[in-house]
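Asker: Dropping the structure in here first, questions after.
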Amino acid sequence: MITSNMEEATSLLFPLLILLTVIQSSSGQAYLDDLPMTDVIDENTPPKTPLYTFYLRRCTDPNPKARIDHSNPPTNFFNDPIVNEYSDLNSYKIQITASSAAAFDSDDVNLYQLFIKVDCSGRLLEGQLFLQVQPSEEPQCEAKFASIGETVQVREDVAPFTELYKVVLRRPSYSTLTYKITQPSPEIFSIDNGKVQVPASGFNYKSGNNKFTLQITVENAKGKSCSGTLTIEVLPVYHNTVKFTSVSNTVVINENQFPAINVTRVKASGDHVLYELISPTTAYYIDQELGTIRTSRILDLEKNPELKQSILLIRAYNKYHHNDSDIITVNITVQDVNEMPPKCSPAVFVTEVPETTPIETVLSRFSCFDPDVSNTIINFQLMSPASSRYKFRMQNSALQVNSTLTYDSEEMARNNFQYTANILVTDNGIPPLTTVIPVLVKVTRVNQYYPQCNPGTQIFAVNENTPLLSFIGQVNATDRDYADIKSNNVEFSIVDGHSPRVFFIAPISGAIHLLSPLDREVRAQYKLTIQVADVNNDIKPDPINQKTITCIAIINVQDFNDNPPECKPPHYETTICSTLMMTSPIFENIPCSDKDDNNRFSYAIVGGNINNRFRIRNGALYHSGFSYNLQDVYDPLTFELLIEVTDDPPPRLSTTVAVIVRVIPCPTTILTTTQKTTTQKREPQIVTLTEFYWAPDPWFVTVMTITGILLLAALAFLIWKILSRTTYCMTTPKEASQPLLQNKNVPDIEAHVAKEQQPNMNQKEPIPLSPLSLQFDGRAQDPVSGRDYLFNSRTGERRWI
């Protein structure tokens with residue numbers, strides 16, 4: 001029913017498909033020629049047979065692709081189309097072939113519809129191929145029978161006319177078939193309805209006719225035929241004839257033979273004799289045809305002692321009649337071979353012993369044995385190099401100390417403080433084999449000597465202004481023990497009760513560092529008691545046996561100018577006549593002292609020297625003349641001088657002394673005296689200036705310079721922004737501060753002089769003006785440092801308070 005519907009559909013679609021193909025070919029584009037198409041194939045078509053060829057026209061693609069998209073019904077009997085170039089321009093020949101699995105049968109499927117797709121430059125062309133399977137008129141023999149032939153084995157005593165083989169076709173045939181043996185000729189075997197039978201005379205193996213090849217043809221009523229080959233092998237019938245030529249066999253071999261080494265060979269008489277090993281063993285095997293016994297692996301008696309004696313049972317039998325057999329016994333003895341040297345425990349001996357180890361001390365006892373089963377005697381011999389000769393000896397299997405082991409020597413240092421030796425262990429085999437036991441004895445030091453200070457008392461000098469943690473000096477101490485001589489392996493510590501708070505000594509190097517500030521005026525010398533202890537001189541640290549001594553380190557503190565001069569009293573007052581000679585000192589010297597033992601001072605007038613009327617030389621104060629002429633410069637009657645006293649050497653420190661000089665205008669020279677006064681009305685101010693020198697590191701100066709530049713740039717930018725936003729004009733700034741020392745009620749100088757010239761003797765003398773009040777008339781505070789200073793509102797001069 002399905003087949004008839006498909007044929008009807010094909011008859012309707014075929015004209016339409018032809019019309020589409022014609023239209024397509026006339027359009028100038030690529031098209032498939034000879035598709036769609038219906039073709040006929042025989043059901044006996046063998047695999048890989050070409051079935052149909054069609055063409056691809058007007059395709060410029062140099063490599064078009066073709067495939068069977070699917071089939072109806074689905075099958076794997078067809079290969080994808082093969083595309084080959086054709087002689088026509090832009091044409092390709094496409095061929096459909098049967099696959100290797102093709103087995104057509106018209107009774108199952110008599111029509112296949114293949115949907116083919118061809119890709120030409122990305123353009124997909126489709127076509128259909130209809131293949132009708134027609135029944136074959138020829139009989140089909142089985143593939144093996146028809147190609148390589150079938151083989152049948154039969155005993156020679158089989159009965160005549162016994163069926164040997166039946167010819168079977170691939171599919172049944174409903175017509176009358178005729179079976180015929182075409183070879184050999186004349187015909188020996190008979191065939192009845194495809195059944196091959198034993199000849200009427202039977203078989204005789206000894207006659208030599210024991211293999212026959214028959215060619216059989218199967219033919220139907222229409223004369224169609226197929227053929228195949230049948231081979232018949234005749235097997236003889238035997239009686240028990242296999243026999244060994246000897247009853248037993250004995251063999252002796254050495255162990256450690258390579259695999260497949262011939263051990264022995266057994267021989268049995270008879271036809272078609274084969275040999276087998278009956279005894280279960282993994283050490284031997286037998287050649288099945290030759291009867292040669294070989295080793296299957298290396299025979300090692302040390303690993304497998306049971307192989308020393310083996311009894312093998314060998315069976316010989318007929319190849320075709322296994323019951324025809326005989327058995328023989330083979331005795332195999334494996335002899336031991338001295339192949340393994342002795343093994344010892346320990347295999348390597350390493351130990352550490354102190355240099356005071358007594359002679360005859362046993363360092364180790366060695367346990368040795370020979371893996372070879374036949375060797376039991378072991379001998380020991382000590383083989384020492386020159387550096388270790390006579391240091392050890394062997395007493396049987398014991399290693400003993402033979403002479404004193406010393407550590408404190410240059411020779412031991414070259415040998416890395418260790419001795420080496422080799423113990424030669426020999427067995428009694430033939431040939432004798434040996435084992436070498438390496439011996440390494442490391443000698444450890446023993447604390448034998450006390451440390452020594454070099455010298456016993458060591459003197460160092462340090463400046464009193466040395467920064468904390470500074471290096472002052474290094475205590476030198478050694479130990480006569482060899483390791484300490486090389487590595488100075490001693491430890492230092494300060495043991496007196498006071499100095500450890502001022503100084504620190506490094507335990508390993510002996511370097512002394514400063515912990516607290518020094519003041520030579522308080523203490524000029526320190527005497528340190530330093531304990532020196534040797535360390536790590538034994539195998540294990542032993543504080544009980546540690547050896548210590550004490551050394552003396554004297555540290556002298558050198559003077560540094562860190563105290564300013566001290567002047568007593570800190571201020572002076574004197575009255576002089578204006579006509580005092582300029583070469584006469586107002587006072588000879590200012591009595592000053594220095595805790596730093598500095599006796600040299602320099603003097604300078606730093607304030608109050610109005611109109612430069614005073615000078616100082618070598619500590620003596622002189623004047624340069626006064627002017628009390630109303631028509632000229634009029635000097636004040638009272639001078640408040642500030643004299644700076646500076647010590648030496650650098651860094652120079654100074655103290656300021658106040659000197660009040662009252663000048664009396666005199667017409668004639670008046671002898672003046674200098675007297676020290678103390679008054680409760682005025683308390684002069686003493687200014688002490690100490691200057692310290694600071695030398696920062698270059699990197700600090702660089703960082704601070706860059707930081708200052710950046711801060712100044714930021715401040716300038718901020719001021720510019722503030723000024724740019726100011727919309728009013730700047731007014732005259734008010735005075736930053738009010739004068740503190742200016743006396744606004746002071747009368748005019750001329751009026752003051754006129755009053756002094758009046759004859760009224762009862763009038764009070766006017767209060768003299770202070771030189772500082774005339775020079776500095778204001779006081780203010782620095783916004784950066786916060787310090788107060790005096791200033792002159794006329795000249796802008798400043799003086800720090």
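Note on naming: chains are A, B, ... as they come in the structure tokens, residues start from 1 per chain, ligands start from 1 in the order shown.
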Taking 4 positions as the minimum chain separation for residues in the same chain, which residues sit within 6 Å of range 560-573 of chain A when counting only C-alpha atoms? Answer as a PyMOL selection string.

Answerer: chain A and resi 464+591-594+596+653-655+657-661+676-677

Asker: Quick check for you: according to DSSP on this backbone, which residues of range 395-576 of chain A are classed as helix (DSSP H, G or I)? Reply as JSON, numbers by chain.

Answerer: {"A": [410, 411, 412, 413, 414, 482, 483, 484, 485, 486, 487, 499, 500, 501, 543, 544, 545]}

Asker: I want to know what sits within 12 Å of Phe626 in chain A, based on only C-alpha atoms, with residues of the same chain fewer than 6 positions away left out; could you give that as a PyMOL selection string?

Answerer: chain A and resi 576-582+609-614+632-639+662-667

Asker: Put those residues in a file: N, CA and C atoms, as a PDB file, in the first residue's frame.

Answerer:
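Dumped everything to selection_28.pdb:
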ATOM      1  N   ILE A 576      79.585 109.876  85.620  1.00  0.00           N
ATOM      2  CA  ILE A 576      80.831 110.465  85.130  1.00  0.00           C
ATOM      3  C   ILE A 576      80.577 111.890  84.697  1.00  0.00           C
ATOM      4  N   CYS A 577      81.650 112.582  84.620  1.00  0.00           N
ATOM      5  CA  CYS A 577      81.588 113.949  84.100  1.00  0.00           C
ATOM      6  C   CYS A 577      81.764 113.904  82.602  1.00  0.00           C
ATOM      7  N   SER A 578      81.087 114.795  81.929  1.00  0.00           N
ATOM      8  CA  SER A 578      81.154 114.800  80.471  1.00  0.00           C
ATOM      9  C   SER A 578      82.533 115.133  79.951  1.00  0.00           C
ATOM     10  N   THR A 579      83.346 115.705  80.828  1.00  0.00           N
ATOM     11  CA  THR A 579      84.704 116.091  80.393  1.00  0.00           C
ATOM     12  C   THR A 579      85.737 115.033  80.741  1.00  0.00           C
ATOM     13  N   LEU A 580      85.255 113.780  81.117  1.00  0.00           N
ATOM     14  CA  LEU A 580      86.198 112.707  81.402  1.00  0.00           C
ATOM     15  C   LEU A 580      86.997 112.400  80.154  1.00  0.00           C
ATOM     16  N   MET A 581      88.334 112.204  80.353  1.00  0.00           N
ATOM     17  CA  MET A 581      89.181 111.937  79.201  1.00  0.00           C
ATOM     18  C   MET A 581      88.735 110.653  78.483  1.00  0.00           C
ATOM     19  N   MET A 582      88.751 110.712  77.183  1.00  0.00           N
ATOM     20  CA  MET A 582      88.292 109.566  76.384  1.00  0.00           C
ATOM     21  C   MET A 582      89.240 108.383  76.484  1.00  0.00           C
ATOM     22  N   ASN A 609      73.538 102.455  73.107  1.00  0.00           N
ATOM     23  CA  ASN A 609      74.670 103.332  72.760  1.00  0.00           C
ATOM     24  C   ASN A 609      74.163 104.411  71.818  1.00  0.00           C
ATOM     25  N   ILE A 610      73.441 105.400  72.437  1.00  0.00           N
ATOM     26  CA  ILE A 610      72.851 106.481  71.649  1.00  0.00           C
ATOM     27  C   ILE A 610      73.961 107.367  71.120  1.00  0.00           C
ATOM     28  N   ASN A 611      73.854 107.671  69.885  1.00  0.00           N
ATOM     29  CA  ASN A 611      74.828 108.538  69.183  1.00  0.00           C
ATOM     30  C   ASN A 611      76.237 107.956  69.236  1.00  0.00           C
ATOM     31  N   ASN A 612      76.314 106.623  69.521  1.00  0.00           N
ATOM     32  CA  ASN A 612      77.610 105.932  69.533  1.00  0.00           C
ATOM     33  C   ASN A 612      78.638 106.671  70.407  1.00  0.00           C
ATOM     34  N   ARG A 613      78.204 107.009  71.627  1.00  0.00           N
ATOM     35  CA  ARG A 613      79.088 107.767  72.523  1.00  0.00           C
ATOM     36  C   ARG A 613      80.021 106.862  73.306  1.00  0.00           C
ATOM     37  N   PHE A 614      79.836 105.520  73.239  1.00  0.00           N
ATOM     38  CA  PHE A 614      80.645 104.614  74.043  1.00  0.00           C
ATOM     39  C   PHE A 614      81.284 103.568  73.153  1.00  0.00           C
ATOM     40  N   ASP A 632      73.621 121.961  68.690  1.00  0.00           N
ATOM     41  CA  ASP A 632      74.090 120.722  68.061  1.00  0.00           C
ATOM     42  C   ASP A 632      73.298 119.546  68.613  1.00  0.00           C
ATOM     43  N   VAL A 633      73.832 118.394  68.419  1.00  0.00           N
ATOM     44  CA  VAL A 633      73.166 117.199  68.948  1.00  0.00           C
ATOM     45  C   VAL A 633      73.261 117.231  70.458  1.00  0.00           C
ATOM     46  N   TYR A 634      72.160 116.984  71.068  1.00  0.00           N
ATOM     47  CA  TYR A 634      72.114 117.032  72.530  1.00  0.00           C
ATOM     48  C   TYR A 634      71.996 115.602  73.034  1.00  0.00           C
ATOM     49  N   ASP A 635      73.055 115.115  73.733  1.00  0.00           N
ATOM     50  CA  ASP A 635      73.071 113.748  74.252  1.00  0.00           C
ATOM     51  C   ASP A 635      72.210 113.658  75.497  1.00  0.00           C
ATOM     52  N   PRO A 636      71.679 112.455  75.770  1.00  0.00           N
ATOM     53  CA  PRO A 636      70.943 112.267  77.019  1.00  0.00           C
ATOM     54  C   PRO A 636      71.894 112.291  78.199  1.00  0.00           C
ATOM     55  N   LEU A 637      71.360 112.537  79.354  1.00  0.00           N
ATOM     56  CA  LEU A 637      72.171 112.576  80.552  1.00  0.00           C
ATOM     57  C   LEU A 637      72.350 111.192  81.165  1.00  0.00           C
ATOM     58  N   THR A 638      71.488 110.267  80.788  1.00  0.00           N
ATOM     59  CA  THR A 638      71.608 108.899  81.327  1.00  0.00           C
ATOM     60  C   THR A 638      71.619 107.901  80.157  1.00  0.00           C
ATOM     61  N   PHE A 639      72.630 107.018  80.153  1.00  0.00           N
ATOM     62  CA  PHE A 639      72.746 105.985  79.127  1.00  0.00           C
ATOM     63  C   PHE A 639      72.531 104.610  79.772  1.00  0.00           C
ATOM     64  N   ARG A 662      75.450 107.658  84.098  1.00  0.00           N
ATOM     65  CA  ARG A 662      74.891 109.016  84.222  1.00  0.00           C
ATOM     66  C   ARG A 662      75.990 110.035  83.915  1.00  0.00           C
ATOM     67  N   VAL A 663      75.694 110.912  83.017  1.00  0.00           N
ATOM     68  CA  VAL A 663      76.676 111.902  82.563  1.00  0.00           C
ATOM     69  C   VAL A 663      76.259 113.281  83.100  1.00  0.00           C
ATOM     70  N   ILE A 664      77.209 113.901  83.753  1.00  0.00           N
ATOM     71  CA  ILE A 664      76.978 115.267  84.260  1.00  0.00           C
ATOM     72  C   ILE A 664      77.710 116.242  83.344  1.00  0.00           C
ATOM     73  N   PRO A 665      76.982 117.121  82.665  1.00  0.00           N
ATOM     74  CA  PRO A 665      77.679 118.106  81.825  1.00  0.00           C
ATOM     75  C   PRO A 665      78.554 119.005  82.705  1.00  0.00           C
ATOM     76  N   CYS A 666      79.794 118.917  82.446  1.00  0.00           N
ATOM     77  CA  CYS A 666      80.741 119.693  83.275  1.00  0.00           C
ATOM     78  C   CYS A 666      81.536 120.640  82.383  1.00  0.00           C
ATOM     79  N   PRO A 667      81.735 121.917  82.881  1.00  0.00           N
ATOM     80  CA  PRO A 667      82.565 122.838  82.092  1.00  0.00           C
ATOM     81  C   PRO A 667      84.026 122.484  82.198  1.00  0.00           C
TER      82      PRO A 667
END

Asker: Which residues, written as an NGL selection string, have at least one atom at most 7 Å from Ala102 in chain A, with only C-alpha atoms counted and residues fewer than 4 positions away on the same chain left out?

Answerer: :A and (47 or 77 or 98)

Asker: Run DSSP on the backbone and give me the residues of range 575-628 of chain A it puts in strand (DSSP E or B), as a ChimeraX atom specification.

Answerer: /A:575-577,587,592-593,601-607,614-617,620-623,628

Asker: Calculate how many Å separate CA of Val557 in chain A from CA of Ser602 in chain A, rounding to one decimal.

Answerer: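 So the two atoms, CA of Val557 in chain A and CA of Ser602 in chain A, lie 26.5 Å apart.
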
Asker: Of the residues A:Thr282, A:Gly149, A:Thr38, A:Val109, which is the one nearest to Pro73 in chain A, using only C-alpha atoms?

Answerer: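 Going through A:Thr282, A:Gly149, A:Thr38, A:Val109 one by one, the smallest distance to Pro73 in chain A is for A:Val109.
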
Asker: With only C-alpha atoms as the counted atoms, please give the residues lying no more than 12 Å from Val196 in chain A, apart from itself and same-chain residues fewer than 4 positions off, as a list of chain:residue names.

Answerer: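 In the requested format, the answer is A:Val152, A:Pro160, A:Phe161, A:Thr162, A:Glu163, A:Leu164, A:Tyr165, A:Lys166, A:Val167, A:Val168, A:Tyr179, A:Lys180, A:Ile181, A:Glu187, A:Ile188, A:Phe189, A:Ser190, A:Ile191, A:Asp192, A:Leu214, A:Gln215, A:Ile216, A:Thr229, A:Leu230, A:Thr231, A:Ile232.
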
Asker: List the spatial neighbours of Pro259 in chain A as an MDAnalysis selection string - criterion: any atom at most 7 Å away, only C-alpha atoms, same-chain residues fewer than 6 positions off excluded.

Answerer: chainID A and resid 295:298
